[in-house]
$ cat protein_39.txt   # compact mmCIF, C-alpha atoms
# COMPACT_ATOMS: atom_id res chain seq x y z
CA MET W 1301 -8.29 -2.78 -14.33
CA LEU W 1302 -7.24 -6.28 -15.23
CA SER W 1303 -9.66 -7.92 -12.85
CA ARG W 1304 -12.46 -5.96 -14.48
CA ALA W 1305 -11.30 -7.15 -17.87
CA VAL W 1306 -11.32 -10.75 -16.72
CA ARG W 1307 -14.85 -10.70 -15.33
CA PRO W 1308 -16.86 -10.30 -18.55
CA ALA W 1309 -14.82 -13.06 -20.12
CA LEU W 1310 -15.55 -15.24 -17.12
CA ASN W 1311 -19.28 -14.58 -17.35
CA ALA W 1312 -19.21 -15.24 -21.05
CA GLY W 1313 -17.30 -18.46 -20.37
CA THR W 1314 -19.95 -19.85 -18.05
CA ALA W 1315 -22.70 -18.74 -20.42
CA VAL W 1316 -21.12 -20.53 -23.35
CA SER W 1317 -20.32 -23.74 -21.53
CA ALA W 1318 -23.83 -23.85 -20.07
CA ARG W 1319 -25.32 -23.88 -23.54
CA PRO W 1320 -25.69 -27.41 -24.93
CA VAL W 1321 -23.09 -27.87 -27.63
CA THR W 1322 -25.17 -30.03 -29.93
CA ALA W 1323 -27.97 -27.47 -30.19
CA ASN W 1324 -26.00 -24.98 -32.24
CA ALA W 1325 -23.87 -27.33 -34.28
CA ALA W 1326 -22.75 -26.21 -37.72
CA ASN W 1327 -22.47 -22.61 -36.61
CA TYR W 1328 -19.32 -20.91 -37.86
CA ALA W 1329 -19.87 -17.70 -35.85
CA THR W 1330 -19.70 -19.36 -32.43
CA LEU W 1331 -16.60 -21.22 -33.45
CA ARG W 1332 -14.86 -17.97 -34.25
CA GLU W 1333 -16.19 -16.41 -31.05
CA ILE W 1334 -14.76 -19.21 -28.97
CA GLU W 1335 -11.44 -18.89 -30.73
CA GLN W 1336 -11.28 -15.16 -29.98
CA ARG W 1337 -12.15 -15.65 -26.34
CA LEU W 1338 -9.57 -18.39 -26.03
CA LYS W 1339 -6.98 -16.02 -27.42
CA SER W 1340 -7.86 -13.21 -25.01
CA ILE W 1341 -7.79 -15.52 -21.99
CA LYS W 1342 -4.37 -16.74 -23.06
CA ASN W 1343 -3.19 -13.14 -23.14
CA ILE W 1344 -4.59 -12.49 -19.69
CA GLU W 1345 -2.82 -15.56 -18.36
CA LYS W 1346 0.44 -14.27 -19.79
CA ILE W 1347 -0.01 -10.93 -18.05
CA THR W 1348 -0.93 -12.38 -14.67
CA LYS W 1349 1.99 -14.80 -14.84
CA THR W 1350 4.40 -11.97 -15.54
CA MET W 1351 2.96 -9.89 -12.71
CA LYS W 1352 3.38 -12.83 -10.39
CA ILE W 1353 7.04 -13.20 -11.31
CA VAL W 1354 7.63 -9.48 -10.83
CA ALA W 1355 5.93 -9.59 -7.43
CA SER W 1356 8.00 -12.61 -6.35
CA THR W 1357 11.26 -10.86 -7.13
CA LYS W 1358 10.11 -7.70 -5.38
CA LEU W 1359 8.94 -9.74 -2.42
CA THR W 1360 12.41 -10.96 -1.43
CA ARG W 1361 13.71 -7.39 -1.38
CA ALA W 1362 10.64 -6.18 0.49
CA GLN W 1363 11.00 -8.88 3.10
CA ARG W 1364 14.62 -8.00 3.71
CA ALA W 1365 13.67 -4.34 4.14
CA MET W 1366 10.90 -5.41 6.49
CA THR W 1367 13.12 -7.39 8.85
CA GLU W 1368 15.62 -4.51 8.92
CA SER W 1369 12.98 -1.90 9.59
CA ARG W 1370 11.33 -4.02 12.25
CA SER W 1371 14.46 -3.84 14.37
CA TYR W 1372 14.45 -0.03 14.01
CA GLY W 1373 10.85 0.23 15.12
CA GLU W 1374 11.15 -2.22 17.96
CA THR W 1375 14.31 -0.67 19.34
CA SER W 1376 12.78 2.77 19.35
CA ASN W 1377 9.69 1.40 21.07
CA THR W 1378 11.75 -0.27 23.80
CA VAL W 1379 12.22 3.13 25.38
CA PHE W 1380 8.48 3.55 25.77
CA GLU W 1381 8.02 0.01 27.01
CA LYS W 1382 10.65 0.49 29.70
CA ALA W 1383 9.18 3.84 30.64
CA GLU W 1384 5.72 2.22 30.69
CA THR W 1385 4.25 4.96 28.59
CA LYS W 1386 0.49 4.91 28.28
CA PRO W 1387 -1.57 6.95 25.82
CA ILE W 1388 -3.60 9.70 27.43
CA LYS W 1389 -7.27 8.91 27.19
CA GLY W 1390 -9.50 11.87 27.75
CA GLU W 1391 -12.72 13.34 26.49
CA ASP W 1392 -11.12 16.35 24.87
CA LYS W 1393 -8.07 14.55 23.50
CA LYS W 1394 -8.26 13.61 19.86
CA THR W 1395 -6.81 10.42 18.40
CA LEU W 1396 -4.86 10.46 15.15
CA ILE W 1397 -5.00 7.34 13.01
CA ILE W 1398 -2.35 6.97 10.31
CA VAL W 1399 -3.31 4.36 7.72
CA ALA W 1400 -0.35 2.87 5.85
CA SER W 1401 -1.64 1.46 2.56
CA SER W 1402 -0.26 2.02 -0.93
CA ASP W 1403 -1.13 3.28 -4.40
CA LYS W 1404 -1.52 0.09 -6.34
CA GLY W 1405 -4.28 -2.48 -6.37
CA LEU W 1406 -4.44 -6.00 -7.79
CA CYS W 1407 -3.27 -7.55 -4.57
CA GLY W 1408 -6.30 -9.19 -3.02
CA GLY W 1409 -8.03 -7.71 -0.02
CA ILE W 1410 -5.24 -6.12 1.97
CA HIS W 1411 -6.32 -2.53 1.32
CA SER W 1412 -9.97 -3.19 2.06
CA GLY W 1413 -8.86 -5.04 5.20
CA LEU W 1414 -7.10 -1.88 6.37
CA THR W 1415 -10.11 0.22 5.45
CA ARG W 1416 -12.41 -2.02 7.43
CA ALA W 1417 -10.12 -1.92 10.46
CA THR W 1418 -10.01 1.88 10.22
CA ARG W 1419 -13.80 2.14 10.07
CA ARG W 1420 -14.05 -0.10 13.11
CA MET W 1421 -11.64 2.11 15.03
CA LEU W 1422 -13.61 5.17 13.96
CA THR W 1423 -16.90 3.79 15.23
CA GLU W 1424 -15.30 2.87 18.54
CA ASN W 1425 -13.68 6.25 18.86
CA PRO W 1426 -15.40 8.87 16.70
CA ASN W 1427 -13.25 11.71 18.02
CA SER W 1428 -10.39 10.82 15.67
CA ASP W 1429 -8.64 12.27 12.67
CA LEU W 1430 -7.19 10.34 9.76
CA VAL W 1431 -3.93 10.64 7.87
CA ILE W 1432 -3.87 8.32 4.87
CA LEU W 1433 -0.80 7.05 3.05
CA GLY W 1434 -1.58 5.65 -0.38
CA GLU W 1435 -4.32 6.18 -2.95
CA LYS W 1436 -6.22 2.95 -2.39
CA CYS W 1437 -7.33 3.55 1.16
CA LYS W 1438 -7.84 7.22 0.35
CA THR W 1439 -10.51 6.51 -2.24
CA GLN W 1440 -12.15 3.89 -0.05
CA LEU W 1441 -12.21 6.00 3.10
CA GLY W 1442 -12.85 9.22 1.20
CA ARG W 1443 -16.27 7.92 0.22
CA THR W 1444 -17.43 7.17 3.75
CA ASN W 1445 -15.29 9.04 6.24
CA ALA W 1446 -14.18 12.14 4.36
CA LYS W 1447 -14.84 14.48 7.26
CA HIS W 1448 -12.22 12.76 9.41
CA ILE W 1449 -9.41 12.99 6.87
CA ARG W 1450 -6.78 15.63 7.53
CA LEU W 1451 -3.92 14.68 5.22
CA SER W 1452 -3.42 12.18 2.43
CA PHE W 1453 -0.18 11.13 0.79
CA ALA W 1454 0.28 9.66 -2.67
CA GLY W 1455 3.26 8.02 -4.33
CA VAL W 1456 3.70 5.49 -1.52
CA GLY W 1457 4.69 1.92 -2.25
CA LYS W 1458 6.17 2.24 -5.73
CA ASP W 1459 9.36 0.73 -4.41
CA VAL W 1460 10.74 -0.35 -1.06
CA PRO W 1461 9.98 2.58 1.25
CA THR W 1462 12.94 4.71 2.32
CA PHE W 1463 13.61 6.34 5.63
CA ALA W 1464 13.66 9.71 3.89
CA GLU W 1465 9.99 9.19 3.02
CA ALA W 1466 9.14 8.29 6.58
CA LEU W 1467 10.95 11.42 7.82
CA ALA W 1468 9.08 13.68 5.43
CA ILE W 1469 5.71 12.18 6.33
CA ALA W 1470 6.43 12.41 10.05
CA ASP W 1471 7.35 16.04 9.50
CA GLN W 1472 4.02 16.91 7.91
CA VAL W 1473 2.14 14.95 10.55
CA SER W 1474 3.86 16.77 13.39
CA LEU W 1475 3.05 20.10 11.70
CA LEU W 1476 -0.69 19.40 11.99
CA PRO W 1477 -2.35 22.16 13.99
CA THR W 1478 -4.35 19.92 16.37
CA GLU W 1479 -2.75 18.40 19.47
CA TYR W 1480 -3.35 14.68 19.64
CA GLY W 1481 -3.44 12.66 22.85
CA ASP W 1482 -2.80 9.43 21.02
CA VAL W 1483 -1.37 8.44 17.64
CA GLN W 1484 -2.07 5.05 16.12
CA ILE W 1485 -0.33 3.80 12.99
CA LEU W 1486 -2.42 1.16 11.28
CA TYR W 1487 -0.55 -1.25 9.02
CA ASN W 1488 -0.69 -4.83 7.78
CA LYS W 1489 1.33 -7.06 10.07
CA PHE W 1490 3.16 -9.80 8.22
CA PHE W 1491 2.68 -13.24 9.81
CA ASN W 1492 3.68 -15.44 6.88
CA ALA W 1493 3.36 -15.47 3.11
CA THR W 1494 -0.39 -15.98 3.18
CA SER W 1495 -1.62 -14.27 6.34
CA TYR W 1496 -1.49 -10.69 7.46
CA GLU W 1497 -3.65 -8.65 9.74
CA PRO W 1498 -4.26 -4.92 10.16
CA THR W 1499 -2.49 -3.98 13.38
CA PRO W 1500 -1.96 -0.63 15.10
CA ILE W 1501 1.40 0.64 16.43
CA GLN W 1502 1.27 3.17 19.20
CA ALA W 1503 3.08 6.45 18.90
CA PHE W 1504 2.86 8.82 21.81
CA SER W 1505 2.37 12.52 22.34
CA GLU W 1506 4.90 14.54 24.32
CA GLU W 1507 2.52 14.80 27.23
CA ALA W 1508 2.05 11.04 27.34
CA ILE W 1509 5.81 10.43 27.33
CA ALA W 1510 6.43 12.99 30.05
CA SER W 1511 3.73 11.54 32.29
CA SER W 1512 4.78 7.90 31.97
CA PRO W 1513 5.44 6.26 35.35
CA GLN W 1514 9.06 5.19 34.80
CA PHE W 1515 10.02 8.35 32.95
CA ALA W 1516 12.64 9.26 35.61
CA LEU W 1517 14.74 6.26 34.51
CA PHE W 1518 15.85 8.22 31.49
CA GLU W 1519 17.66 11.48 31.53
CA ILE W 1520 15.69 13.45 29.02
CA ASP W 1521 15.64 17.21 28.88
CA ASP W 1522 12.34 18.84 28.16
CA GLU W 1523 13.72 20.44 25.05
CA VAL W 1524 14.89 17.15 23.57
CA LEU W 1525 11.59 15.46 24.26
CA ALA W 1526 9.92 16.91 21.17
CA ASN W 1527 12.79 15.57 19.07
CA LEU W 1528 12.45 12.13 20.60
CA ARG W 1529 8.74 12.08 19.85
CA GLU W 1530 9.22 13.15 16.22
CA TYR W 1531 12.01 10.66 15.69
CA ALA W 1532 10.02 7.82 17.25
CA LEU W 1533 7.11 8.69 14.98
CA ALA W 1534 9.37 8.53 11.92
CA ASN W 1535 10.79 5.19 13.08
CA SER W 1536 7.37 3.67 13.59
CA LEU W 1537 6.18 5.04 10.25
CA TYR W 1538 9.15 3.51 8.48
CA TRP W 1539 8.46 0.18 10.12
CA ALA W 1540 4.77 0.31 9.20
CA LEU W 1541 5.53 1.30 5.60
CA ALA W 1542 8.13 -1.42 5.08
CA GLU W 1543 6.03 -4.16 6.63
CA GLY W 1544 2.95 -3.01 4.71
CA HIS W 1545 4.98 -3.06 1.51
CA ALA W 1546 6.12 -6.64 2.11
CA CYS W 1547 2.54 -7.70 2.81
CA GLU W 1548 1.36 -6.03 -0.36
CA GLN W 1549 3.94 -7.78 -2.51
CA SER W 1550 3.21 -11.18 -1.05
CA ALA W 1551 -0.54 -10.59 -1.39
CA ARG W 1552 -0.06 -9.56 -5.00
CA ARG W 1553 1.99 -12.68 -5.66
CA ASN W 1554 -0.79 -14.86 -4.25
CA ALA W 1555 -3.52 -12.99 -6.10
CA MET W 1556 -1.69 -13.29 -9.40
CA ASP W 1557 -0.97 -16.96 -8.75
CA ASN W 1558 -4.69 -17.59 -8.29
CA ALA W 1559 -5.54 -15.53 -11.35
CA SER W 1560 -3.12 -17.52 -13.50
CA LYS W 1561 -4.59 -20.77 -12.19
CA ASN W 1562 -8.11 -19.63 -12.99
CA ALA W 1563 -7.04 -18.52 -16.43
CA SER W 1564 -5.43 -21.88 -17.23
CA ASP W 1565 -8.57 -23.67 -16.00
CA MET W 1566 -10.63 -21.54 -18.34
CA ILE W 1567 -8.22 -22.16 -21.20
CA ASN W 1568 -8.67 -25.92 -20.75
CA LYS W 1569 -12.43 -25.60 -20.68
CA PHE W 1570 -12.50 -23.43 -23.77
CA GLN W 1571 -10.07 -25.67 -25.64
CA ILE W 1572 -12.37 -28.66 -25.12
CA LEU W 1573 -15.42 -26.63 -26.08
CA TYR W 1574 -13.63 -25.36 -29.16
CA ASN W 1575 -12.66 -28.86 -30.29
CA ARG W 1576 -16.16 -30.21 -29.73
CA THR W 1577 -17.77 -27.39 -31.64
CA ARG W 1578 -15.31 -27.80 -34.48
CA GLN W 1579 -16.08 -31.50 -34.72
CA ALA W 1580 -19.80 -30.84 -34.61
CA VAL W 1581 -19.41 -28.42 -37.50
CA ILE W 1582 -17.48 -30.99 -39.55
CA THR W 1583 -20.02 -33.73 -38.79
CA GLY W 1584 -22.84 -31.41 -39.80
CA GLU W 1585 -21.16 -30.65 -43.10
CA LEU W 1586 -20.55 -34.34 -43.82
CA VAL W 1587 -24.18 -35.15 -43.12
CA GLU W 1588 -25.23 -32.44 -45.55
CA ILE W 1589 -22.89 -33.70 -48.30
CA ILE W 1590 -23.87 -37.35 -47.89
CA THR W 1591 -27.59 -36.65 -47.86
CA GLY W 1592 -27.17 -34.42 -50.90
CA ALA W 1593 -25.19 -37.11 -52.75
CA SER W 1594 -27.61 -39.90 -51.91
CA ALA W 1595 -30.55 -37.72 -52.96
CA SER W 1596 -29.03 -36.95 -56.37
CA GLU W 1597 -28.21 -40.63 -56.95
CA GLU W 1598 -31.83 -41.65 -56.94
CA MET C 775 20.36 23.69 25.39
CA ALA C 776 19.82 25.66 22.27
CA PHE C 777 20.16 24.11 18.87
CA ALA C 778 21.11 26.21 15.90
CA TRP C 779 18.83 24.18 13.63
CA LYS C 780 15.92 24.59 16.00
CA ALA C 781 16.39 28.33 16.09
CA SER C 782 16.25 28.41 12.31
CA GLY C 783 12.89 26.66 12.38
CA LEU C 784 13.77 23.10 11.41
CA THR C 785 12.14 20.12 13.04
CA TYR C 786 14.35 17.29 14.25
CA ASN C 787 13.26 15.04 11.38
CA ARG C 788 14.06 17.72 8.83
CA TYR C 789 17.43 18.21 10.46
CA LEU C 790 18.04 14.46 10.24
CA ALA C 791 17.03 14.36 6.58
CA ILE C 792 19.42 17.18 5.73
CA THR C 793 22.38 15.71 7.60
CA ALA C 794 21.72 12.30 6.07
CA ARG C 795 21.66 13.86 2.63
CA VAL C 796 24.97 15.57 3.26
CA VAL C 797 26.56 12.31 4.39
CA ARG C 798 25.22 10.50 1.33
CA ARG C 799 26.54 13.14 -1.02
CA SER C 800 30.00 13.12 0.50
CA LEU C 801 30.51 9.41 -0.06
CA LYS C 802 32.83 7.95 -2.70
CA GLU C 803 31.41 7.47 -6.17
CA GLN C 804 30.49 3.76 -5.90
CA PRO C 805 28.73 3.70 -2.53
CA ARG C 806 27.28 7.15 -3.21
CA LEU C 807 25.21 5.97 -6.18
CA GLN C 808 23.79 3.17 -4.07
CA ALA C 809 23.10 5.39 -1.10
CA GLU C 810 21.47 8.15 -3.12
CA ARG C 811 18.78 5.72 -4.20
CA ARG C 812 17.79 5.41 -0.57
CA GLY C 813 17.28 9.14 -0.32
CA GLU C 814 14.88 9.49 -3.22
CA MET C 815 11.40 10.62 -2.50
CA GLU C 816 8.49 11.20 -4.84
CA LEU C 817 5.71 11.70 -2.37
CA ARG C 818 2.82 13.99 -3.09
CA PHE C 819 0.35 14.99 -0.46
CA ALA C 820 -2.91 16.85 -0.08
CA LYS C 821 -4.56 18.59 2.83
CA TRP C 822 -8.22 17.84 3.44
CA GLU C 823 -10.58 20.51 4.63
CA LYS C 824 -14.32 20.12 5.17
CA SER C 825 -14.44 16.67 3.57
CA LYS C 826 -12.78 17.92 0.40
CA GLN C 827 -9.38 16.98 -0.88
CA GLY C 828 -7.13 19.93 -1.45
CA GLU C 829 -4.54 20.35 -4.14
CA ASN C 830 -1.94 17.63 -4.65
CA LYS C 831 1.46 19.03 -3.85
CA ASN C 832 5.00 17.74 -3.94
CA LEU C 833 5.97 16.88 -0.40
CA ALA C 834 9.63 17.82 -0.55
CA GLU C 835 8.92 21.35 -1.84
CA VAL C 836 6.13 22.03 0.63
CA ASN C 837 8.24 20.76 3.50
CA SER C 838 11.01 23.25 2.85
CA ALA C 839 8.47 26.04 2.37
CA ASP C 840 6.79 25.17 5.67
CA MET C 841 10.12 25.20 7.45
CA ALA C 842 10.90 28.63 6.07
CA GLU C 843 7.55 29.89 7.32
CA HIS C 844 8.20 28.29 10.69
CA ALA C 845 11.54 30.05 10.93
CA GLY C 846 9.89 33.43 10.62
CA LYS C 847 7.66 32.81 13.62
CA GLU C 848 10.27 31.85 16.14
$ encode --input "protein_39.txt" --output "structure tokens"
Amino acid sequence: MLSRAVRPALNAGTAVSARPVTANAANYATLREIEQRLKSIKNIEKITKTMKIVASTKLTRAQRAMTESRSYGETSNTVFEKAETKPIKGEDKKTLIIVASSDKGLCGGIHSGLTRATRRMLTENPNSDLVILGEKCKTQLGRTNAKHIRLSFAGVGKDVPTFAEALAIADQVSLLPTEYGDVQILYNKFFNATSYEPTPIQAFSEEAIASSPQFALFEIDDEVLANLREYALANSLYWALAEGHACEQSARRNAMDNASKNASDMINKFQILYNRTRQAVITGELVEIITGASASEE
Amino acid sequence: MAFAWKASGLTYNRYLAITARVVRRSLKEQPRLQAERRGEMELRFAKWEKSKQGENKNLAEVNSADMAEHAGKE
């Protein structure tokens, strides 16, 4: 909503500065207009600066949660690595894609990056269903790929994600009526403060786990297998949510940093324009007075 | 191996959530307040059918309702 508010001001800014200043000298209305715009840009700068500070403080917490959750996810995936589990690829087996985005915008292109990655996966493999976490990707994907969506969750990403959330989501996902041969969790992988990339984590179906080549290494009863699968899904979900959250905060910090920079650039430009116009008005007035005085002298 | 919680229709994740909640609630006052924040959940979810979004529902309530329904079947 803020970015939309900035844009008209930006357009107006270029329009005003493009106009030659001398042409409309001695015009009180433009002077007041410029003053008002200057004021509104200053307010916007204040808001973006505050949002940046908030995002920075949240970022440190989010990063800590991310490193903790990563160890959960990786440990639980070690089992499948050692067992050399492979997803079952078949004509009749459906793929489930879980997209881990969040509810809030104003953080650059991380949500649309996820959406694009999802669309790419859907074109490669049209026999897939979608489960979407977060409002942003829901609205984006709901416009184009509504027929694939099975579940959508809202209220994600208000704060650092908790394991209780991951458990509840995994519960609903495992209650879905269709059997899936392959589950992919799509999230933003955090490389550093400025780069992240949509990446899938594999989660496996019971069948896939049972048919993995090194499965005999582990002593797993058939009855416990379902539990293992559900728990692994929850672990991976938690990991994806926490890492996505950290990415979002850092992206928001960067976006707000850029917005504040742009705003201060515009403030400078408008300040100069304002001063020039003011001087032009004063000069115009002086010229009028002097010519009037010299005319009445004669 | 038969699990009592499985017989009553809970999934493993639900079982985990319940046991974790019990542990959190039985902590001492100071650590309990901290731990309870980790158990909060305000998720809402909606089922999609035929390209239409269904009703937005509170996840926690629906989950327990689903489990109850599940219990009846088994």
$ atom_distance --input "protein_39.txt" --atom1 "atom CA of C:Asn832" --atom2 "atom CA of C:Ala794"
20.2 Å
$ interface_residues --input "protein_39.txt" --of "chain C" --to "chain W" --cutoff "10 Å" --atoms "all atoms listed in the file" --output "ChimeraX atom specification"
/C:775-777,784-792,794-795,811-828,830-834,836-837,840-841,844
$ atom_distance --input "protein_39.txt" --atom1 "atom CA of W:Lys1561" --atom2 "atom CA of W:Ser1412"
23.3 Å
$ residues_around --input "protein_39.txt" --residues "W:Ile1501" --least-positions-apart "4" --cutoff "7 Å" --atoms "only C-alpha atoms" --output "JSON, numbers by chain"
{"W": [1484, 1485, 1486]}
$ atom_distance --input "protein_39.txt" --atom1 "atom CA of W:Ser1401" --atom2 "atom CA of W:Cys1437"
6.2 Å
$ residues_around --input "protein_39.txt" --residues "W:Ser1511" --least-positions-apart "3" --cutoff "10 Å" --atoms "all atoms listed in the file" --output "list of chain:residue names"
W:Ala1383, W:Glu1384, W:Thr1385, W:Lys1386, W:Pro1387, W:Ile1388, W:Glu1506, W:Glu1507, W:Ala1508, W:Gln1514, W:Phe1515, W:Ala1516
$ write_last_selection --input "protein_39.txt" --atoms "C-alpha atoms" --output "compact mmCIF listing (two decimals), in the frame of the given file"
# COMPACT_ATOMS: atom_id res chain seq x y z
CA ALA W 1383 9.18 3.84 30.64
CA GLU W 1384 5.72 2.22 30.69
CA THR W 1385 4.25 4.96 28.59
CA LYS W 1386 0.49 4.91 28.28
CA PRO W 1387 -1.57 6.95 25.82
CA ILE W 1388 -3.60 9.70 27.43
CA GLU W 1506 4.90 14.54 24.32
CA GLU W 1507 2.52 14.80 27.23
CA ALA W 1508 2.05 11.04 27.34
CA GLN W 1514 9.06 5.19 34.80
CA PHE W 1515 10.02 8.35 32.95
CA ALA W 1516 12.64 9.26 35.61
$ closest_residue --input "protein_39.txt" --among "W:Asn1554, W:Glu1548, W:Glu1597, W:Glu1543" --to "W:Ser1369" --atoms "only C-alpha atoms"
W:Glu1543
$ residues_near_point --input "protein_39.txt" --point "(-2.8, -1.8, 6.4)" --cutoff "6 Å" --atoms "only C-alpha atoms" --output "ChimeraX atom specification"
/W:1400-1401,1414,1486-1488,1498
$ build_atoms --input "protein_39.txt" --residues "stretch 1356-1374 of chain W" --atoms "N, CA, C and O atoms" --output "PDB file, keeping the file's coordinate frame"
ATOM      1  N   SER W1356       7.132 -11.703  -7.125  1.00  0.00           N
ATOM      2  CA  SER W1356       8.000 -12.610  -6.350  1.00  0.00           C
ATOM      3  C   SER W1356       9.383 -12.023  -6.178  1.00  0.00           C
ATOM      4  O   SER W1356       9.951 -12.079  -5.086  1.00  0.00           O
ATOM      5  N   THR W1357       9.921 -11.425  -7.262  1.00  0.00           N
ATOM      6  CA  THR W1357      11.260 -10.860  -7.130  1.00  0.00           C
ATOM      7  C   THR W1357      11.254  -9.671  -6.180  1.00  0.00           C
ATOM      8  O   THR W1357      12.168  -9.501  -5.378  1.00  0.00           O
ATOM      9  N   LYS W1358      10.173  -8.854  -6.276  1.00  0.00           N
ATOM     10  CA  LYS W1358      10.110  -7.700  -5.380  1.00  0.00           C
ATOM     11  C   LYS W1358       9.935  -8.142  -3.934  1.00  0.00           C
ATOM     12  O   LYS W1358      10.363  -7.460  -3.020  1.00  0.00           O
ATOM     13  N   LEU W1359       9.254  -9.280  -3.777  1.00  0.00           N
ATOM     14  CA  LEU W1359       8.940  -9.740  -2.420  1.00  0.00           C
ATOM     15  C   LEU W1359      10.187 -10.013  -1.599  1.00  0.00           C
ATOM     16  O   LEU W1359      10.251  -9.641  -0.431  1.00  0.00           O
ATOM     17  N   THR W1360      11.205 -10.641  -2.220  1.00  0.00           N
ATOM     18  CA  THR W1360      12.410 -10.960  -1.430  1.00  0.00           C
ATOM     19  C   THR W1360      13.056  -9.683  -0.922  1.00  0.00           C
ATOM     20  O   THR W1360      13.456  -9.606   0.235  1.00  0.00           O
ATOM     21  N   ARG W1361      13.120  -8.662  -1.814  1.00  0.00           N
ATOM     22  CA  ARG W1361      13.710  -7.390  -1.380  1.00  0.00           C
ATOM     23  C   ARG W1361      12.868  -6.756  -0.280  1.00  0.00           C
ATOM     24  O   ARG W1361      13.384  -6.237   0.704  1.00  0.00           O
ATOM     25  N   ALA W1362      11.539  -6.816  -0.473  1.00  0.00           N
ATOM     26  CA  ALA W1362      10.640  -6.180   0.490  1.00  0.00           C
ATOM     27  C   ALA W1362      10.749  -6.855   1.842  1.00  0.00           C
ATOM     28  O   ALA W1362      10.732  -6.191   2.879  1.00  0.00           O
ATOM     29  N   GLN W1363      10.913  -8.188   1.823  1.00  0.00           N
ATOM     30  CA  GLN W1363      11.000  -8.880   3.100  1.00  0.00           C
ATOM     31  C   GLN W1363      12.286  -8.539   3.836  1.00  0.00           C
ATOM     32  O   GLN W1363      12.295  -8.403   5.054  1.00  0.00           O
ATOM     33  N   ARG W1364      13.358  -8.377   3.062  1.00  0.00           N
ATOM     34  CA  ARG W1364      14.620  -8.000   3.710  1.00  0.00           C
ATOM     35  C   ARG W1364      14.472  -6.615   4.355  1.00  0.00           C
ATOM     36  O   ARG W1364      14.835  -6.415   5.507  1.00  0.00           O
ATOM     37  N   ALA W1365      13.874  -5.677   3.600  1.00  0.00           N
ATOM     38  CA  ALA W1365      13.670  -4.340   4.140  1.00  0.00           C
ATOM     39  C   ALA W1365      12.789  -4.398   5.377  1.00  0.00           C
ATOM     40  O   ALA W1365      12.990  -3.650   6.333  1.00  0.00           O
ATOM     41  N   MET W1366      11.818  -5.322   5.362  1.00  0.00           N
ATOM     42  CA  MET W1366      10.900  -5.410   6.490  1.00  0.00           C
ATOM     43  C   MET W1366      11.610  -5.860   7.756  1.00  0.00           C
ATOM     44  O   MET W1366      11.443  -5.252   8.812  1.00  0.00           O
ATOM     45  N   THR W1367      12.444  -6.908   7.645  1.00  0.00           N
ATOM     46  CA  THR W1367      13.120  -7.390   8.850  1.00  0.00           C
ATOM     47  C   THR W1367      14.066  -6.319   9.388  1.00  0.00           C
ATOM     48  O   THR W1367      14.184  -6.141  10.600  1.00  0.00           O
ATOM     49  N   GLU W1368      14.731  -5.587   8.457  1.00  0.00           N
ATOM     50  CA  GLU W1368      15.620  -4.510   8.920  1.00  0.00           C
ATOM     51  C   GLU W1368      14.840  -3.424   9.639  1.00  0.00           C
ATOM     52  O   GLU W1368      15.198  -2.989  10.726  1.00  0.00           O
ATOM     53  N   SER W1369      13.734  -3.013   9.013  1.00  0.00           N
ATOM     54  CA  SER W1369      12.980  -1.900   9.590  1.00  0.00           C
ATOM     55  C   SER W1369      12.321  -2.289  10.902  1.00  0.00           C
ATOM     56  O   SER W1369      12.131  -1.469  11.783  1.00  0.00           O
ATOM     57  N   ARG W1370      11.979  -3.581  11.023  1.00  0.00           N
ATOM     58  CA  ARG W1370      11.330  -4.020  12.250  1.00  0.00           C
ATOM     59  C   ARG W1370      12.244  -3.786  13.447  1.00  0.00           C
ATOM     60  O   ARG W1370      11.802  -3.354  14.505  1.00  0.00           O
ATOM     61  N   SER W1371      13.551  -4.053  13.242  1.00  0.00           N
ATOM     62  CA  SER W1371      14.460  -3.840  14.370  1.00  0.00           C
ATOM     63  C   SER W1371      14.547  -2.356  14.730  1.00  0.00           C
ATOM     64  O   SER W1371      14.627  -2.003  15.894  1.00  0.00           O
ATOM     65  N   TYR W1372      14.489  -1.476  13.714  1.00  0.00           N
ATOM     66  CA  TYR W1372      14.450  -0.030  14.010  1.00  0.00           C
ATOM     67  C   TYR W1372      13.265   0.299  14.901  1.00  0.00           C
ATOM     68  O   TYR W1372      13.388   0.921  15.945  1.00  0.00           O
ATOM     69  N   GLY W1373      12.089  -0.128  14.422  1.00  0.00           N
ATOM     70  CA  GLY W1373      10.850   0.230  15.120  1.00  0.00           C
ATOM     71  C   GLY W1373      10.821  -0.332  16.517  1.00  0.00           C
ATOM     72  O   GLY W1373      10.450   0.364  17.468  1.00  0.00           O
ATOM     73  N   GLU W1374      11.247  -1.599  16.642  1.00  0.00           N
ATOM     74  CA  GLU W1374      11.150  -2.220  17.960  1.00  0.00           C
ATOM     75  C   GLU W1374      12.132  -1.604  18.934  1.00  0.00           C
ATOM     76  O   GLU W1374      11.813  -1.410  20.104  1.00  0.00           O
TER      77      GLU W1374
END
